[in-house]
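Everything below belongs to entry.csv, which stores CSV, C-alpha atoms.
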```
chain,number,residue,atom,x,y,z
A,1,MET,CA,-20.2,-29.3,4.2
A,2,ARG,CA,-18.5,-25.9,4.6
A,3,ARG,CA,-20.2,-23.5,6.9
A,4,GLU,CA,-20.2,-19.8,6.1
A,5,HIS,CA,-18.0,-18.8,9.0
A,6,ASP,CA,-15.4,-21.3,8.0
A,7,ALA,CA,-14.7,-19.4,4.7
A,8,ILE,CA,-11.7,-17.2,4.6
A,9,SER,CA,-12.7,-13.6,4.2
A,10,PRO,CA,-10.8,-11.3,1.8
A,11,THR,CA,-9.6,-9.3,4.9
A,12,THR,CA,-8.2,-12.4,6.5
A,13,GLU,CA,-6.4,-13.3,3.3
A,14,ILE,CA,-4.9,-9.7,3.0
A,15,ILE,CA,-3.8,-9.8,6.6
A,16,GLY,CA,-2.1,-13.2,6.0
A,17,GLU,CA,-0.3,-11.9,2.9
A,18,ILE,CA,0.9,-8.8,4.8
A,19,ARG,CA,2.2,-11.0,7.6
A,20,ALA,CA,4.1,-13.1,5.1
A,21,CYS,CA,5.5,-10.3,3.0
A,22,GLN,CA,8.9,-8.5,3.2
A,23,PHE,CA,7.4,-5.2,2.0
A,24,ILE,CA,4.1,-3.8,0.6
A,25,VAL,CA,3.3,-1.2,-2.0
A,26,ALA,CA,0.4,1.0,-0.7
A,27,ASP,CA,-1.2,3.1,-3.5
A,28,PHE,CA,-3.3,5.9,-2.1
A,29,THR,CA,-4.8,7.0,-5.5
A,30,LEU,CA,-8.6,7.3,-5.0
A,31,HIS,CA,-8.0,7.0,-1.2
A,32,ARG,CA,-9.7,3.6,-0.6
A,33,ASN,CA,-10.1,3.2,3.1
A,34,GLY,CA,-8.6,-0.3,3.2
A,35,VAL,CA,-5.2,0.9,2.0
A,36,TYR,CA,-4.8,3.1,5.1
A,37,PHE,CA,-5.5,0.1,7.3
A,38,GLU,CA,-3.2,-2.2,5.3
A,39,ALA,CA,-0.3,0.3,5.4
A,40,GLY,CA,-0.7,0.8,9.1
A,41,PHE,CA,-0.9,-2.9,9.8
A,42,ALA,CA,2.2,-3.5,7.8
A,43,MET,CA,4.0,-0.7,9.6
A,44,GLY,CA,3.0,-2.2,12.9
A,45,LEU,CA,4.6,-5.5,11.9
A,46,GLY,CA,7.8,-3.7,11.0
A,47,ARG,CA,7.4,-4.2,7.2
A,48,THR,CA,8.6,-1.7,4.7
A,49,VAL,CA,5.8,0.3,3.2
A,50,ILE,CA,6.3,1.9,-0.1
A,51,TRP,CA,3.8,4.8,-0.4
A,52,THR,CA,2.5,5.8,-3.9
A,53,CYS,CA,-0.1,8.2,-5.1
A,54,ARG,CA,-1.1,9.5,-8.5
A,55,LYS,CA,-0.1,13.2,-8.8
A,56,ASP,CA,-3.6,14.6,-9.2
A,57,GLN,CA,-4.8,12.7,-6.1
A,58,MET,CA,-1.9,13.7,-3.8
A,59,ARG,CA,-3.6,16.9,-2.6
A,60,ASP,CA,-6.4,14.8,-1.0
A,61,ALA,CA,-4.0,12.4,0.8
A,62,HIS,CA,-4.9,12.2,4.5
A,63,PHE,CA,-2.6,14.4,6.6
A,64,ASP,CA,-1.4,11.3,8.6
A,65,THR,CA,0.3,9.9,5.4
A,66,ARG,CA,1.8,13.2,4.1
A,67,PRO,CA,5.0,12.9,6.1
A,68,TYR,CA,5.9,9.7,4.3
A,69,ASN,CA,7.9,9.8,1.2
A,70,HIS,CA,5.3,9.0,-1.5
A,71,ILE,CA,6.2,8.0,-5.0
A,72,VAL,CA,4.1,10.6,-6.9
A,73,TRP,CA,3.4,9.5,-10.4
A,74,GLU,CA,1.4,10.5,-13.5
A,75,THR,CA,1.7,7.5,-15.9
A,76,SER,CA,2.0,3.8,-15.2
A,77,ALA,CA,5.4,3.7,-16.9
A,78,GLU,CA,6.6,6.4,-14.5
A,79,LEU,CA,5.2,4.5,-11.6
A,80,ARG,CA,6.9,1.3,-12.7
A,81,GLU,CA,10.3,3.0,-13.1
A,82,LYS,CA,10.1,4.9,-9.8
A,83,LEU,CA,8.8,1.8,-7.9
A,84,ALA,CA,11.6,-0.4,-9.2
A,85,ASN,CA,14.2,2.2,-8.2
A,86,ARG,CA,12.6,2.5,-4.7
A,87,ILE,CA,12.5,-1.2,-4.2
A,88,ARG,CA,16.2,-1.6,-5.2
A,89,ALA,CA,17.1,1.3,-2.9
A,90,THR,CA,15.2,0.3,0.2
A,91,VAL,CA,14.5,-3.4,0.2
A,92,GLN,CA,17.1,-6.1,0.7
A,93,ILE,CA,16.1,-8.8,-1.7
```

Mind converting the file's structure to structure tokens?
Amino acid sequence: MRREHDAISPTTEIIGEIRACQFIVADFTLHRNGVYFEAGFAMGLGRTVIWTCRKDQMRDAHFDTRPYNHIVWETSAELREKLANRIRATVQI
């Protein structure tokens, strides 16, 4: 019988995935609180964080993230192209 506290929470899974990754893509569109934590946690582990935000949402980005070079996008096709270019330029795969 599995007890409730033995179950892996979504947060525990996310932290495990961040620990195991080489880099993360953190999209700040709609400014979900979790993405700020996840990006900061990844930075603390020395992981590359690729910051993204849809253009119409960038003005609401928290001041702490503004110094980082966000990929600002309008369409999913534009995001896909810019993201692929950023990964090739910054991540050693």

With 8 Å of padding per side, what axis-aligned box (centre and edge lengths, Å, one decimal) covers all the listed atoms of region 48-66 of chain A? Give it as lines of an AutoDock Vina configuration file.
```
center_x = 1.1
center_y = 7.6
center_z = -0.3
size_x = 31.0
size_y = 34.6
size_z = 33.8
```

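Residues in contact range of Arg86 (chain A), defined as at most 9 Å between all atoms listed in the file, with sequence neighbours fewer than 5 positions away removed, read A:Ile50, A:Ile71, A:Glu81, A:Val91.
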
Surrounding residues of Ile15 (chain A) excluding itself and chain neighbours under 6 positions, 9 Å, all atoms listed in the file, as a short mmCIF file (atom, residue, chain, number, x, y, z; two decimals) with C-alpha atoms, keeping the file's coordinate frame:
```cif
data_model
loop_
_atom_site.label_atom_id
_atom_site.label_comp_id
_atom_site.auth_asym_id
_atom_site.auth_seq_id
_atom_site.Cartn_x
_atom_site.Cartn_y
_atom_site.Cartn_z
CA GLU A 38 -3.20 -2.20 5.30
CA PHE A 41 -0.90 -2.90 9.80
CA ALA A 42 2.20 -3.50 7.80
#
```

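With only C-alpha atoms as the basis for measurement, A:His31 is the residue among A:His70, A:His31, A:Arg19, A:Arg88 that approaches Gln57 (chain A) most closely.
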
Residue nearest Tyr36 (chain A) - candidates A:Thr90, A:Thr52, A:Asn85, A:Gln22, atoms counted: all atoms listed in the file: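 Among the listed residues, the smallest separation from Tyr36 (chain A) belongs to A:Thr52.
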
Interatomic distance, CA of Gln92 (chain A) to CA of Leu45 (chain A) (Å, one decimal): 16.8 Å

Residue nearest Met58 (chain A) - candidates A:Leu79, A:Cys21, A:Leu30, A:Ile14, atoms counted: all atoms listed in the file: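 Closest residue, counting all atoms listed in the file: A:Leu30.
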
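From CA of Thr12 (chain A) back to CA of Asp27 (chain A), the distance works out to 19.7 Å.
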
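Among A:Ala89, A:Ala84, A:Asp64, A:Trp73, the residue with the shortest atom-to-atom distance to Thr29 (chain A), counting all atoms listed in the file, is A:Trp73.
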
Nearest candidate to Val72 (chain A) (options A:Asp56, A:Ile24, A:Ile87, A:Gly40; using all atoms listed in the file):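 Residue with the minimum atom-to-atom distance to Val72 (chain A): A:Asp56.
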
Pairwise distance for CA of Pro10 (chain A) and CA of Asp60 (chain A), rounded to one decimal in Å: 26.6 Å

Pick from A:Ser76, A:Phe23, A:Ile8, A:Glu13, whichever lies nearest to Lys55 (chain A) using all atoms listed in the file: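 Smallest distance to Lys55 (chain A) is found for A:Ser76.
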